[in-house]
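Text of start_14.cif, listed as mmCIF, C-alpha atoms:
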data_model
#
loop_
_atom_site.label_atom_id
_atom_site.label_comp_id
_atom_site.auth_asym_id
_atom_site.auth_seq_id
_atom_site.Cartn_x
_atom_site.Cartn_y
_atom_site.Cartn_z
CA MET D 267 42.10 30.47 -3.00
CA SER D 268 42.90 28.25 -0.13
CA ASP D 269 44.01 24.64 -0.42
CA MET D 270 41.28 22.16 -1.26
CA VAL D 271 40.97 18.52 -0.27
CA ARG D 272 38.87 15.93 -2.04
CA LYS D 273 36.09 14.45 0.11
CA ALA D 274 34.09 12.69 -2.63
CA ASN D 275 35.26 11.28 -5.95
CA ALA D 276 33.45 11.69 -9.26
CA PHE D 277 31.67 8.35 -8.94
CA GLU D 278 30.38 9.16 -5.47
CA ILE D 279 29.08 12.55 -6.62
CA LEU D 280 27.31 11.01 -9.61
CA ASN D 281 25.87 8.19 -7.53
CA HIS D 282 24.60 10.65 -4.92
CA TRP D 283 22.77 12.63 -7.61
CA VAL D 284 21.30 9.49 -9.14
CA MET D 285 20.02 8.46 -5.72
CA ALA D 286 18.71 11.94 -4.88
CA ILE D 287 16.82 12.37 -8.16
CA SER D 288 15.41 8.84 -8.17
CA PHE D 289 14.39 9.26 -4.52
CA PHE D 290 12.61 12.50 -5.37
CA ILE D 291 10.66 10.89 -8.23
CA LEU D 292 9.80 7.88 -6.08
CA THR D 293 8.58 10.14 -3.28
CA ILE D 294 6.35 12.22 -5.56
CA THR D 295 4.83 9.17 -7.25
CA GLY D 296 4.67 7.36 -3.90
CA PHE D 297 2.61 10.15 -2.36
CA ALA D 298 0.37 10.11 -5.44
CA PHE D 299 -0.32 6.38 -4.92
CA LEU D 300 -0.69 6.75 -1.16
CA PHE D 301 -3.34 9.46 -1.38
CA LYS D 302 -4.76 8.70 -4.85
CA LEU D 303 -3.78 12.16 -6.07
CA GLU D 304 -5.78 12.32 -9.28
CA GLN D 305 -4.06 15.57 -10.31
CA MET D 306 -0.91 13.53 -10.98
CA ASN D 307 -2.56 12.23 -14.15
CA ALA D 308 -1.62 15.61 -15.63
CA VAL D 309 2.04 15.07 -14.80
CA PHE D 310 2.50 11.40 -15.66
CA GLY D 311 -0.21 10.81 -18.26
CA SER D 312 -1.95 8.08 -16.31
CA PHE D 313 -1.57 6.16 -13.09
CA HIS D 314 -0.69 3.16 -15.20
CA GLN D 315 2.27 5.00 -16.67
CA MET D 316 3.14 6.40 -13.27
CA ARG D 317 3.32 2.85 -11.93
CA THR D 318 5.82 1.90 -14.65
CA ILE D 319 7.88 5.00 -13.86
CA HIS D 320 7.73 4.31 -10.10
CA ASN D 321 8.86 0.70 -10.57
CA TRP D 322 11.75 1.40 -12.92
CA THR D 323 12.91 4.41 -10.91
CA GLY D 324 12.94 1.97 -8.01
CA VAL D 325 15.42 -0.14 -9.96
CA VAL D 326 17.67 2.92 -10.42
CA PHE D 327 17.38 3.79 -6.71
CA SER D 328 18.22 0.20 -5.74
CA ALA D 329 21.30 0.27 -7.96
CA SER D 330 22.54 3.54 -6.45
CA LEU D 331 21.93 2.15 -2.96
CA PHE D 332 24.01 -0.88 -3.88
CA PHE D 333 26.88 1.22 -5.23
CA SER D 334 26.86 3.38 -2.10
CA LEU D 335 27.92 0.30 -0.14
CA PHE D 336 31.45 0.64 -1.51
CA SER D 337 31.71 4.27 -0.43
CA TYR D 338 30.39 4.22 3.12
CA LEU D 339 29.52 0.82 4.55
CA ILE D 340 32.83 -0.24 6.14
CA GLU D 341 33.44 3.14 7.72
CA ALA D 342 29.84 3.41 8.94
CA LEU D 343 30.14 0.09 10.74
CA ILE D 344 33.20 1.13 12.77
CA PHE D 345 32.06 2.80 15.98
CA THR D 346 34.78 4.73 17.77
CA GLY D 347 35.14 6.49 21.11
CA GLU D 348 34.83 9.83 19.30
CA ASP D 349 31.50 8.67 17.92
CA ALA D 350 30.20 8.04 21.43
CA VAL D 351 31.21 11.53 22.56
CA TRP D 352 29.76 13.03 19.37
CA LEU D 353 26.44 11.32 20.07
CA ILE D 354 26.36 12.36 23.73
CA LYS D 355 26.97 15.97 22.67
CA ALA D 356 24.39 15.61 19.86
CA GLY D 357 26.98 16.73 17.36
CA GLY D 358 27.13 20.15 18.95
CA TYR D 359 23.92 21.09 17.21
CA PHE D 360 22.20 22.32 20.33
CA SER D 361 24.98 24.44 21.83
CA LYS D 362 27.56 26.65 20.21
CA LYS D 363 29.96 26.17 23.11
CA MET D 364 30.24 22.42 22.69
CA LYS D 365 33.74 21.20 21.95
CA LEU D 366 33.68 18.05 19.83
CA PRO D 367 36.51 15.51 19.56
CA ALA D 368 38.38 15.23 16.25
CA GLN D 369 36.32 13.29 13.73
CA GLY D 370 37.23 10.91 10.91
CA ARG D 371 35.82 11.23 7.39
CA LEU D 372 32.32 10.47 8.69
CA ASN D 373 31.00 11.56 12.09
CA ALA D 374 28.60 9.47 14.17
CA GLY D 375 25.55 11.25 12.77
CA GLN D 376 26.64 10.56 9.22
CA LYS D 377 27.38 6.93 10.06
CA GLY D 378 24.01 6.52 11.72
CA TYR D 379 22.23 8.18 8.82
CA TYR D 380 23.93 5.92 6.32
CA LEU D 381 23.02 2.78 8.26
CA LEU D 382 19.41 3.96 8.58
CA LEU D 383 19.31 4.70 4.86
CA LEU D 384 20.73 1.29 4.09
CA LEU D 385 18.15 -0.41 6.30
CA THR D 386 15.06 1.53 5.21
CA GLY D 387 16.23 1.88 1.61
CA GLY D 388 16.98 -1.84 1.46
CA ALA D 389 13.58 -2.67 2.97
CA ILE D 390 11.66 -0.33 0.70
CA ALA D 391 13.48 -1.67 -2.36
CA ALA D 392 13.06 -5.35 -1.47
CA SER D 393 9.38 -4.94 -0.56
CA GLY D 394 8.85 -2.90 -3.72
CA PHE D 395 10.17 -5.72 -5.84
CA VAL D 396 7.87 -8.19 -4.06
CA ILE D 397 4.81 -5.97 -4.70
CA TRP D 398 5.88 -5.57 -8.31
CA LEU D 399 6.88 -9.15 -9.12
CA MET D 400 4.68 -11.30 -6.86
CA PRO D 401 1.24 -9.73 -7.41
CA GLY D 402 -1.68 -11.51 -5.79
CA VAL D 403 0.38 -13.57 -3.33
CA LYS D 404 -1.58 -12.28 -0.36
CA LYS D 405 0.75 -13.14 2.54
CA TRP D 406 3.85 -11.69 0.87
CA ILE D 407 2.03 -8.66 -0.48
CA LEU D 408 0.63 -7.72 2.94
CA ILE D 409 4.04 -8.00 4.64
CA SER D 410 5.71 -6.05 1.83
CA HIS D 411 3.00 -3.41 1.77
CA LEU D 412 3.59 -2.85 5.49
CA ALA D 413 7.40 -2.82 5.15
CA HIS D 414 7.23 -0.48 2.15
CA ASN D 415 5.13 2.04 4.07
CA ILE D 416 7.03 1.86 7.38
CA SER D 417 10.30 2.44 5.49
CA PHE D 418 8.70 5.29 3.59
CA ASP D 419 7.60 6.99 6.81
CA LEU D 420 11.09 6.66 8.31
CA LEU D 421 12.64 8.06 5.15
CA MET D 422 10.21 10.97 5.21
CA LEU D 423 11.59 11.81 8.66
CA ALA D 424 15.25 11.17 7.91
CA VAL D 425 15.80 12.59 4.43
CA PRO D 426 14.59 16.18 5.07
CA SER D 427 16.83 16.25 8.15
CA HIS D 428 19.73 14.99 6.05
CA ILE D 429 19.14 17.69 3.44
CA TYR D 430 18.91 20.37 6.13
CA LEU D 431 22.13 19.25 7.83
CA ALA D 432 24.00 19.12 4.53
CA THR D 433 22.88 22.57 3.37
CA LEU D 434 21.46 25.25 5.67
CA ALA D 435 22.79 23.86 8.94
CA ASN D 436 26.37 23.52 7.73
CA PRO D 437 27.27 26.19 5.18
CA GLY D 438 29.93 24.97 2.80
CA THR D 439 28.90 21.32 2.95
CA PHE D 440 26.72 21.21 -0.16
CA ARG D 441 29.72 21.86 -2.42
CA ILE D 442 30.87 18.29 -1.69
CA MET D 443 27.91 17.04 -3.70
CA VAL D 444 28.83 19.38 -6.57
CA TYR D 445 32.64 19.60 -6.65
CA GLY D 446 33.62 16.84 -4.24
CA THR D 447 36.19 19.13 -2.64
CA VAL D 448 36.29 21.24 0.53
CA PRO D 449 38.74 23.87 1.80
CA LEU D 450 41.49 22.31 3.90
CA GLU D 451 40.70 24.62 6.80
CA TRP D 452 37.04 23.57 6.73
CA ALA D 453 38.05 19.91 6.76
CA ARG D 454 40.52 20.47 9.60
CA LYS D 455 37.77 21.86 11.78
CA ARG D 456 35.20 19.16 11.11
CA HIS D 457 37.15 16.06 10.13
CA ALA D 458 40.55 16.54 11.79
CA ARG D 459 41.41 12.85 12.14
CA TRP D 460 40.63 12.27 8.47
CA VAL D 461 42.82 15.21 7.39
CA GLN D 462 45.58 13.96 9.66
CA LYS D 463 45.33 10.47 8.23
CA MET D 464 45.67 11.85 4.71
CA GLY D 465 48.90 13.52 5.77
CA PHE D 466 48.09 17.22 5.51
CA MET T 73 -37.42 1.41 -7.20
CA SER T 74 -35.43 4.25 -5.69
CA THR T 75 -31.89 4.59 -7.00
CA THR T 76 -30.50 6.57 -4.10
CA LYS T 77 -30.89 4.14 -1.21
CA ARG T 78 -28.28 1.50 -0.49
CA LYS T 79 -29.14 -1.73 -2.25
CA SER T 80 -28.38 -5.25 -1.17
CA LEU T 81 -28.90 -8.90 -1.93
CA ILE T 82 -30.11 -11.40 0.60
CA ILE T 83 -28.99 -14.92 -0.13
CA SER T 84 -30.92 -17.79 1.44
CA PRO T 85 -29.00 -21.02 0.87
CA GLU T 86 -31.91 -23.15 2.08
CA LEU T 87 -34.07 -21.85 -0.79
CA CYS T 88 -31.42 -22.53 -3.43
CA ILE T 89 -31.90 -25.60 -5.62
CA GLY T 90 -28.50 -25.31 -7.28
CA CYS T 91 -29.82 -24.65 -10.79
CA ARG T 92 -27.05 -22.11 -11.40
CA GLY T 93 -29.34 -19.94 -13.45
CA CYS T 94 -27.71 -16.99 -11.65
CA GLN T 95 -24.32 -17.93 -13.08
CA THR T 96 -25.77 -18.12 -16.59
CA ALA T 97 -27.79 -14.90 -16.31
CA CYS T 98 -24.71 -13.09 -14.98
CA LYS T 99 -22.59 -14.27 -17.89
CA GLU T 100 -25.31 -13.32 -20.32
CA TRP T 101 -25.82 -9.78 -19.02
CA ASN T 102 -22.12 -9.07 -18.51
CA GLN T 103 -21.14 -10.80 -21.76
CA LEU T 104 -18.64 -13.10 -20.13
CA SER T 105 -17.32 -15.98 -22.18
CA ALA T 106 -17.62 -19.57 -21.01
CA THR T 107 -14.64 -21.38 -19.57
CA LYS T 108 -13.87 -25.01 -20.26
CA THR T 109 -13.80 -26.96 -17.02
CA THR T 110 -13.63 -30.58 -16.00
CA ASN T 111 -16.36 -32.53 -14.27
CA LYS T 112 -15.25 -33.18 -10.73
CA GLY T 113 -18.35 -35.10 -9.81
CA THR T 114 -20.07 -32.18 -8.10
CA ILE T 115 -22.58 -29.55 -9.05
CA GLU T 116 -19.95 -26.95 -8.11
CA ASN T 117 -18.69 -25.85 -11.47
CA PRO T 118 -16.51 -23.95 -12.35
CA PRO T 119 -14.58 -24.78 -9.17
CA ASP T 120 -13.67 -21.16 -8.41
CA LEU T 121 -14.49 -17.58 -9.42
CA THR T 122 -12.62 -16.49 -12.54
CA PRO T 123 -12.31 -13.19 -14.43
CA ASN T 124 -15.24 -14.49 -16.50
CA LEU T 125 -17.28 -15.81 -13.58
CA PHE T 126 -18.55 -13.15 -11.20
CA ASN T 127 -20.75 -15.44 -9.12
CA ARG T 128 -21.03 -19.15 -8.55
CA ILE T 129 -22.83 -21.69 -6.43
CA ARG T 130 -20.69 -23.40 -3.83
CA TYR T 131 -21.95 -26.88 -3.00
CA LEU T 132 -21.52 -28.31 0.47
CA GLU T 133 -22.63 -31.63 1.90
CA VAL T 134 -23.14 -31.32 5.64
CA PRO T 135 -24.51 -34.65 6.89
CA SER T 136 -25.47 -34.96 10.54
CA GLU T 137 -27.17 -37.69 12.60
CA THR T 138 -30.54 -36.03 12.42
CA ASN T 139 -30.21 -35.06 8.80
CA PRO T 140 -27.97 -37.44 6.84
CA VAL T 141 -28.73 -35.69 3.56
CA ARG T 142 -28.08 -31.99 4.04
CA TRP T 143 -27.08 -30.20 0.87
CA LEU T 144 -26.19 -26.54 0.90
CA PHE T 145 -25.97 -24.31 -2.13
CA VAL T 146 -24.28 -21.03 -1.26
CA SER T 147 -24.00 -18.26 -3.81
CA GLN T 148 -20.57 -16.64 -3.77
CA ARG T 149 -19.72 -13.25 -5.20
CA CYS T 150 -18.42 -9.81 -4.20
CA MET T 151 -19.84 -8.81 -0.80
CA HIS T 152 -19.97 -5.09 -1.62
CA CYS T 153 -18.59 -4.08 1.79
CA ASP T 154 -19.40 -0.63 3.10
CA ASP T 155 -15.80 -0.39 4.33
CA ALA T 156 -14.19 -2.18 1.38
CA GLY T 157 -10.61 -3.43 1.85
CA CYS T 158 -10.00 -3.57 -1.92
CA MET T 159 -10.94 0.07 -2.32
CA LYS T 160 -8.94 1.10 0.73
CA ILE T 161 -5.67 -0.42 -0.47
CA CYS T 162 -6.13 0.45 -4.18
CA PRO T 163 -3.60 3.14 -5.22
CA ALA T 164 -5.34 4.22 -8.45
CA PRO T 165 -8.00 6.95 -8.12
CA GLY T 166 -11.35 5.88 -9.52
CA ALA T 167 -10.27 2.31 -10.30
CA ILE T 168 -12.49 0.88 -7.55
CA TYR T 169 -15.35 3.13 -6.48
CA LYS T 170 -18.68 3.13 -4.70
CA THR T 171 -21.86 3.88 -6.57
CA LYS T 172 -24.61 5.86 -4.86
CA GLU T 173 -26.41 2.56 -4.27
CA GLY T 174 -23.41 1.32 -2.24
CA ILE T 175 -22.09 -1.01 -4.92
CA VAL T 176 -18.33 -1.58 -5.04
CA ALA T 177 -17.84 -1.07 -8.76
CA TYR T 178 -14.70 -0.61 -10.87
CA ASP T 179 -13.35 1.13 -13.94
CA LYS T 180 -10.99 -1.11 -15.90
CA GLU T 181 -9.56 1.91 -17.71
CA LYS T 182 -8.25 3.26 -14.42
CA CYS T 183 -7.03 -0.06 -13.00
CA ILE T 184 -3.21 -0.20 -13.03
CA GLY T 185 -3.01 -3.97 -12.57
CA CYS T 186 -1.09 -3.97 -9.26
CA LYS T 187 -3.37 -6.57 -7.61
CA LEU T 188 -3.17 -4.93 -4.19
CA CYS T 189 -6.98 -5.33 -4.00
CA VAL T 190 -6.48 -9.09 -3.99
CA ALA T 191 -4.49 -8.70 -0.75
CA GLY T 192 -6.95 -6.21 0.74
CA CYS T 193 -10.11 -8.27 0.18
CA PRO T 194 -11.24 -10.38 3.16
CA PHE T 195 -13.32 -12.62 0.88
CA ASN T 196 -10.86 -13.53 -1.91
CA ILE T 197 -13.05 -12.01 -4.62
CA PRO T 198 -11.12 -9.84 -7.13
CA ARG T 199 -9.80 -11.64 -10.19
CA TYR T 200 -7.71 -10.27 -13.07
CA ASP T 201 -8.53 -10.63 -16.74
CA GLU T 202 -6.15 -11.33 -19.63
CA LYS T 203 -5.37 -7.61 -19.88
CA ASN T 204 -4.40 -7.61 -16.19
CA LYS T 205 -7.41 -5.58 -15.08
CA ILE T 206 -9.67 -6.17 -12.10
CA SER T 207 -12.75 -8.28 -12.80
CA LYS T 208 -15.50 -9.13 -10.32
CA CYS T 209 -19.22 -8.81 -9.54
CA HIS T 210 -20.39 -5.20 -9.71
CA LEU T 211 -23.96 -6.07 -8.78
CA CYS T 212 -24.97 -5.23 -12.36
CA SER T 213 -24.32 -1.58 -11.49
CA ASP T 214 -25.42 -0.62 -15.02
CA ARG T 215 -28.81 -2.26 -14.48
CA VAL T 216 -29.16 -0.95 -10.92
CA ALA T 217 -28.47 2.61 -12.10
CA GLU T 218 -31.54 2.26 -14.33
CA GLY T 219 -33.68 0.96 -11.49
CA LEU T 220 -33.48 -2.65 -12.70
CA VAL T 221 -32.76 -5.76 -10.66
CA PRO T 222 -29.32 -7.44 -10.97
CA ALA T 223 -29.36 -10.32 -13.47
CA CYS T 224 -28.77 -13.05 -10.87
CA ALA T 225 -31.63 -11.93 -8.64
CA LYS T 226 -33.89 -11.36 -11.65
CA THR T 227 -33.43 -14.90 -12.91
CA CYS T 228 -33.45 -16.78 -9.59
CA PRO T 229 -36.60 -18.97 -9.68
CA THR T 230 -36.83 -19.75 -5.96
CA GLY T 231 -36.11 -16.44 -4.23
CA ALA T 232 -32.78 -17.70 -2.93
CA ILE T 233 -31.31 -14.45 -4.25
CA SER T 234 -33.51 -11.49 -3.41
CA TYR T 235 -32.73 -7.85 -4.05
CA GLY T 236 -33.95 -4.48 -2.81
CA ASP T 237 -33.33 -1.47 -0.57
CA ARG T 238 -31.02 -2.66 2.16
CA ASP T 239 -33.05 -1.28 5.07
CA ASP T 240 -36.31 -2.79 3.80
CA MET T 241 -34.65 -6.13 3.13
CA LEU T 242 -33.20 -6.24 6.65
CA ALA T 243 -36.54 -5.31 8.19
CA LYS T 244 -38.30 -8.03 6.22
CA ALA T 245 -35.71 -10.63 7.19
CA HIS T 246 -36.00 -9.68 10.86
CA ALA T 247 -39.79 -9.91 10.60
CA ALA T 248 -39.38 -13.36 9.06
CA GLY T 249 -37.53 -14.48 12.17
CA TYR T 250 -33.86 -13.97 11.33
CA GLN T 251 -32.37 -12.20 14.35
CA LYS T 252 -29.12 -11.38 12.64
CA LEU T 253 -28.10 -11.73 9.05
CA TYR T 254 -24.57 -12.61 8.06
CA GLY T 255 -22.82 -9.41 7.07
CA GLN T 256 -25.33 -7.13 8.73
CA ALA T 257 -22.63 -5.30 10.71
CA ASP T 258 -19.35 -6.68 9.36
CA LEU T 259 -17.05 -4.26 7.49
CA GLY T 260 -19.50 -1.44 8.02
CA GLY T 261 -22.30 -3.68 6.76
CA LEU T 262 -22.12 -5.89 3.70
CA GLY T 263 -24.16 -5.37 0.56
CA THR T 264 -24.44 -9.13 0.10
CA LEU T 265 -26.28 -10.49 3.15
CA TYR T 266 -26.84 -14.12 4.01
CA ALA T 267 -29.86 -15.57 5.80
CA PHE T 268 -28.07 -18.46 7.48
CA LYS T 269 -29.96 -20.90 9.68
CA ASP T 270 -26.75 -22.21 11.19
CA ALA T 271 -23.25 -21.02 12.13
CA PRO T 272 -21.51 -19.26 9.20
CA LYS T 273 -18.73 -21.84 9.17
CA VAL T 274 -21.27 -24.55 8.27
CA TYR T 275 -21.76 -22.58 5.05
CA GLY T 276 -18.01 -22.19 4.60
CA MET T 277 -17.91 -18.54 5.64
CA ASP T 278 -15.66 -16.66 8.08
CA GLU T 279 -17.29 -15.97 11.43
CA ASN T 280 -15.77 -12.48 11.69
CA PRO T 281 -14.60 -11.23 8.32
CA ALA T 282 -12.31 -8.18 8.52
CA ILE T 283 -9.85 -6.16 6.49
CA PRO T 284 -6.29 -7.44 7.18
CA GLU T 285 -4.96 -5.75 10.34
CA SER T 286 -1.84 -4.51 8.57
CA VAL T 287 -3.99 -2.69 6.03
CA VAL T 288 -6.05 -1.03 8.79
CA PHE T 289 -2.84 -0.02 10.62
CA TRP T 290 -1.42 1.35 7.37
CA HIS T 291 -4.57 3.34 6.70
CA LYS T 292 -4.96 4.75 10.20
CA VAL T 293 -1.33 5.29 11.24
CA LEU T 294 1.23 4.97 8.45
CA LYS T 295 -0.61 7.07 5.86
CA PRO T 296 -1.03 10.20 8.03
CA LEU T 297 2.47 9.69 9.44
CA ALA T 298 3.90 10.06 5.92
CA TYR T 299 2.86 13.70 5.61
CA TRP T 300 3.01 14.58 9.29
CA GLY T 301 6.52 13.07 9.37
CA LEU T 302 7.66 14.95 6.28
CA GLY T 303 6.09 18.19 7.47
CA GLY T 304 7.43 17.66 10.99
CA ALA T 305 10.97 17.01 9.81
CA VAL T 306 10.94 20.15 7.64
CA ALA T 307 9.41 22.22 10.46
CA ALA T 308 11.90 20.88 13.01
CA SER T 309 14.78 21.74 10.67
CA LEU T 310 13.56 25.31 10.20
CA LEU T 311 12.93 25.63 13.92
CA HIS T 312 16.47 24.48 14.62
CA TYR T 313 17.79 26.99 12.11
CA VAL T 314 15.94 29.78 13.87
CA ALA T 315 16.73 28.64 17.41
CA PHE T 316 20.34 27.52 17.07
CA GLY T 317 21.43 28.72 13.64
CA PRO T 318 23.92 27.15 11.28
CA LYS T 319 27.37 25.91 12.19
CA LYS T 320 29.37 28.77 10.75
CA ASP T 321 32.92 27.93 9.95
CA GLU T 322 34.41 30.43 12.38
CA GLU T 323 32.26 29.01 15.19
CA VAL T 324 33.34 25.40 14.78
CA LYS T 325 35.79 24.55 17.49
#
Same coordinates, now as structure tokens:
Amino acid sequence: MSDMVRKANAFEILNHWVMAISFFILTITGFAFLFKLEQMNAVFGSFHQMRTIHNWTGVVFSASLFFSLFSYLIEALIFTGEDAVWLIKAGGYFSKKMKLPAQGRLNAGQKGYYLLLLLTGGAIAASGFVIWLMPGVKKWILISHLAHNISFDLLMLAVPSHIYLATLANPGTFRIMVYGTVPLEWARKRHARWVQKMGF
Amino acid sequence: MSTTKRKSLIISPELCIGCRGCQTACKEWNQLSATKTTNKGTIENPPDLTPNLFNRIRYLEVPSETNPVRWLFVSQRCMHCDDAGCMKICPAPGAIYKTKEGIVAYDKEKCIGCKLCVAGCPFNIPRYDEKNKISKCHLCSDRVAEGLVPACAKTCPTGAISYGDRDDMLAKAHAAGYQKLYGQADLGGLGTLYAFKDAPKVYGMDENPAIPESVVFWHKVLKPLAYWGLGGAVAASLLHYVAFGPKKDEEVK
């Protein structure tokens, strides 16, 4: 077996799973509320219970979003020259011949995705708490209802793309979410500056 | 009386004498307990709709030079909109529903207590009871289903609250000289119509009641975008996989 390098630590892996599972539950229950899917009574007992589950899963999601700040925020905010080139070349996803500059631990797409997640996730969480805790306050509820649904729509666009890019589109990437490690050669090809910085 | 046609009330403030028999009859039929209130020196009592008060008489003094003593008694209750904002925004199936007579009724068992209906209603009608369930006028839907008249209209001694098939009621009102009734076309047509002799604002009503714009935008754009967006993102991903394929390790430069 070839040499492995660690790309995510145990806490990051756990937090990612907590976020993924809570997001999945929130999406399912969210769609049930959005379209009054009566069949969901069979899954969650009643819409009343589903509301409780949706709200408290929202708390778990919010916590995981908060903890993710420590893993990605600083790096995601630093925009480098390589990021600009990466963006211009669309990450090499539309041409096999594209030569990309050496990337750090996160490429521009990953940075952008994280910032979008932070923005929409933050908005959907904050507005969710308003809807939950300030019922009947018309002005706030209407603004939050709008923010909650706009964020949801953006997440419905972004998250499937994220899952695709981290699985099918880039074989070998998904193991980061399971083991946290990647082969050194794999890392050299995709995150050369990061590997260099770590001294390999 | 037919039970399949849309029913409505026509409220004529000028016929109302402010006896509030409608409030009492409503409480009696719907078995709503009394609420202790304080005398504020006006016939308007209680001062607002409550979970135990589905309708009430609003009292307005509108003096003018020609008529220094103009008293208006305006019955207030759920407007039973055709396009109901409360029902639109409600996330619980069956909690707020339309009867075949066009009544906006509700099922407390299915209400989840989120109060979104309060934000969706253009008329500030839904209230919540002590168990955190929606509570409002349901036009005595249980009586109407049996072909009976709602309690308020049944008890009204002056004809200020009249009830019947909506089309017939409108035709009669037009024949009586009312060109346009309040609520005739608003929100798809209201179930509670008003025969105003003056501008609606004189009676303390909105000129153009409407569902909040954000709720309409959500319903028309954001809701379909949720599944079109999800489906589109999945489809685009698969399309990319077919058209460009994955980034295989040996191909990464």
Expand the PyMOL selection byres ((chain T and resi 286) around 12) into the explicit residue set it covers here, and present it as a PyMOL selection string. (chain D and resi 404-416) or (chain T and resi 157+160-161+191-192+282-285+287-295)
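Atom to atom, atom CA of D:Ser330 and atom CA of D:His282 stand 7.6 Å apart.
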Of the candidates D:Lys362, D:His320, D:Lys355, D:Lys273, which one gets nearest to D:Met443 if we count all atoms listed in the file?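 Of the candidates, the smallest distance to D:Met443 is held by D:Lys273.
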List every residue of chain T that has an atom at most 7 Å from any atom of chain D, giving for each one its closest atom pair and the distance in Å to one decimal, counting all atoms listed in the file, sorted by chain and then by ascending residue number, as CSV.
residue,atom,partner,partner_atom,distance
T:Pro163,CA,D:Phe299,CA,4.6
T:Ala164,CA,D:Lys302,CA,5.8
T:Pro165,CA,D:Lys302,CA,4.9
T:Ile184,CA,D:His314,CA,4.7
T:Cys186,CA,D:Pro401,CA,6.5
T:Lys187,CA,D:Gly402,CA,5.5
T:Leu188,CA,D:Gly402,CA,6.9
T:Val190,CA,D:Gly402,CA,5.7
T:Ala191,CA,D:Lys404,CA,4.6
T:Ser286,CA,D:Leu412,CA,6.5
T:Trp290,CA,D:Leu412,CA,6.8
T:Leu294,CA,D:Asn415,CA,6.6
T:Leu297,CA,D:Asp419,CA,6.4
T:Ala298,CA,D:Asp419,CA,4.9
T:Gly301,CA,D:Leu423,CA,5.3
T:Leu302,CA,D:Met422,CA,4.8
T:Ala305,CA,D:Leu423,CA,5.4
T:Val306,CA,D:Pro426,CA,6.0
T:Ser309,CA,D:Tyr430,CA,6.3
T:Tyr313,CA,D:Ala435,CA,6.7
T:Phe316,CA,D:Phe360,CA,6.4
T:Gly317,CA,D:Ala435,CA,6.9
T:Pro318,CA,D:Ala435,CA,4.2
T:Lys319,CA,D:Asn436,CA,5.2
T:Lys320,CA,D:Pro437,CA,6.5
T:Asp321,CA,D:Trp452,CA,6.8
T:Val324,CA,D:Lys455,CA,6.4
T:Lys325,CA,D:Lys365,CA,5.9
Mind telling me what the PyMOL selection byres ((chain T and resi 78-91) around 7) catches here, as a list in words? Thr76, Lys77, Arg92, Gly93, Ile129, Leu144, Phe145, Val146, Glu173, Gly174, Thr230, Gly231, Ala232, Ile233, Ser234, Tyr235, Gly236, Asp237, Arg238, Gly263, Thr264, Leu265, Tyr266, Ala267 and Phe268 of chain T
Please enumerate the residues selected by the PyMOL selection byres ((chain D and resi 377-380) around 10) when evaluated against the supplied file, formatted as JSON, numbers by chain. {"D": [334, 335, 338, 339, 340, 341, 342, 343, 344, 345, 349, 353, 371, 372, 373, 374, 375, 376, 381, 382, 383, 384, 385, 386, 387, 424, 425, 427, 428]}
How many Å lie between atom CA of T:Thr138 and atom CA of T:Ala271, rounded to one decimal?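 Atom CA of T:Ala271 lies 16.7 Å from atom CA of T:Thr138.
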In Å to one decimal, how far is atom CA of T:Arg128 from atom CA of T:Gln148? 5.4 Å
Here is a test: counting all atoms listed in the file, which residue of T:Leu125, T:Val134, T:Pro140, T:Ile115 is nearest to T:Asp270? T:Val134
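Polymer residues near (-23.0, -12.3, -17.2): counting only C-alpha atoms with a cut-off of 10 Å, they are Cys94, Gln95, Thr96, Ala97, Cys98, Lys99, Glu100, Trp101, Asn102, Gln103, Leu104, Ser105, Ala106, Asn124, Leu125, Phe126, Asn127, Cys209, Cys212, Ala223 and Cys224 of chain T.
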Which of T:Gly261, T:Pro118, T:Pro229, T:Pro198 sits closest to T:Leu242 [using all atoms listed in the file]: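 Ranking T:Gly261, T:Pro118, T:Pro229, T:Pro198 by distance to T:Leu242, first place goes to T:Gly261.
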Hey, can I get the axis-aligned box for stretch 393-401 of chain D? All listed atoms, 8 Å padding on each side, centre and edge lengths in Å to one decimal, as AutoDock Vina command-line options.
--center_x 5.7 --center_y -7.1 --center_z -4.8 --size_x 24.9 --size_y 24.4 --size_z 24.6
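Restricting the calculation to only C-alpha atoms, the smallest distance between D:Ile279 and any of D:Phe336, D:Trp352, D:Trp322, D:Tyr445 is found for D:Tyr445.
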Name the residues in contact with D:Ala274 at a cut-off of 10 Å, using all atoms listed in the file, excluding same-chain residues fewer than 3 positions from it; report them as an NGL selection string. :D and (271 or 277-280 or 282 or 337 or 442-448)
Name all residues at most 8 Å from T:Tyr200 (count all atoms listed in the file; drop same-chain ones fewer than 3 positions away) and give them as a list in words.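 Once the adjacent positions are removed, what remains is Thr122, Pro123, Gly185, Lys187, Lys203, Asn204, Lys205, Ile206 and Ser207 of chain T.
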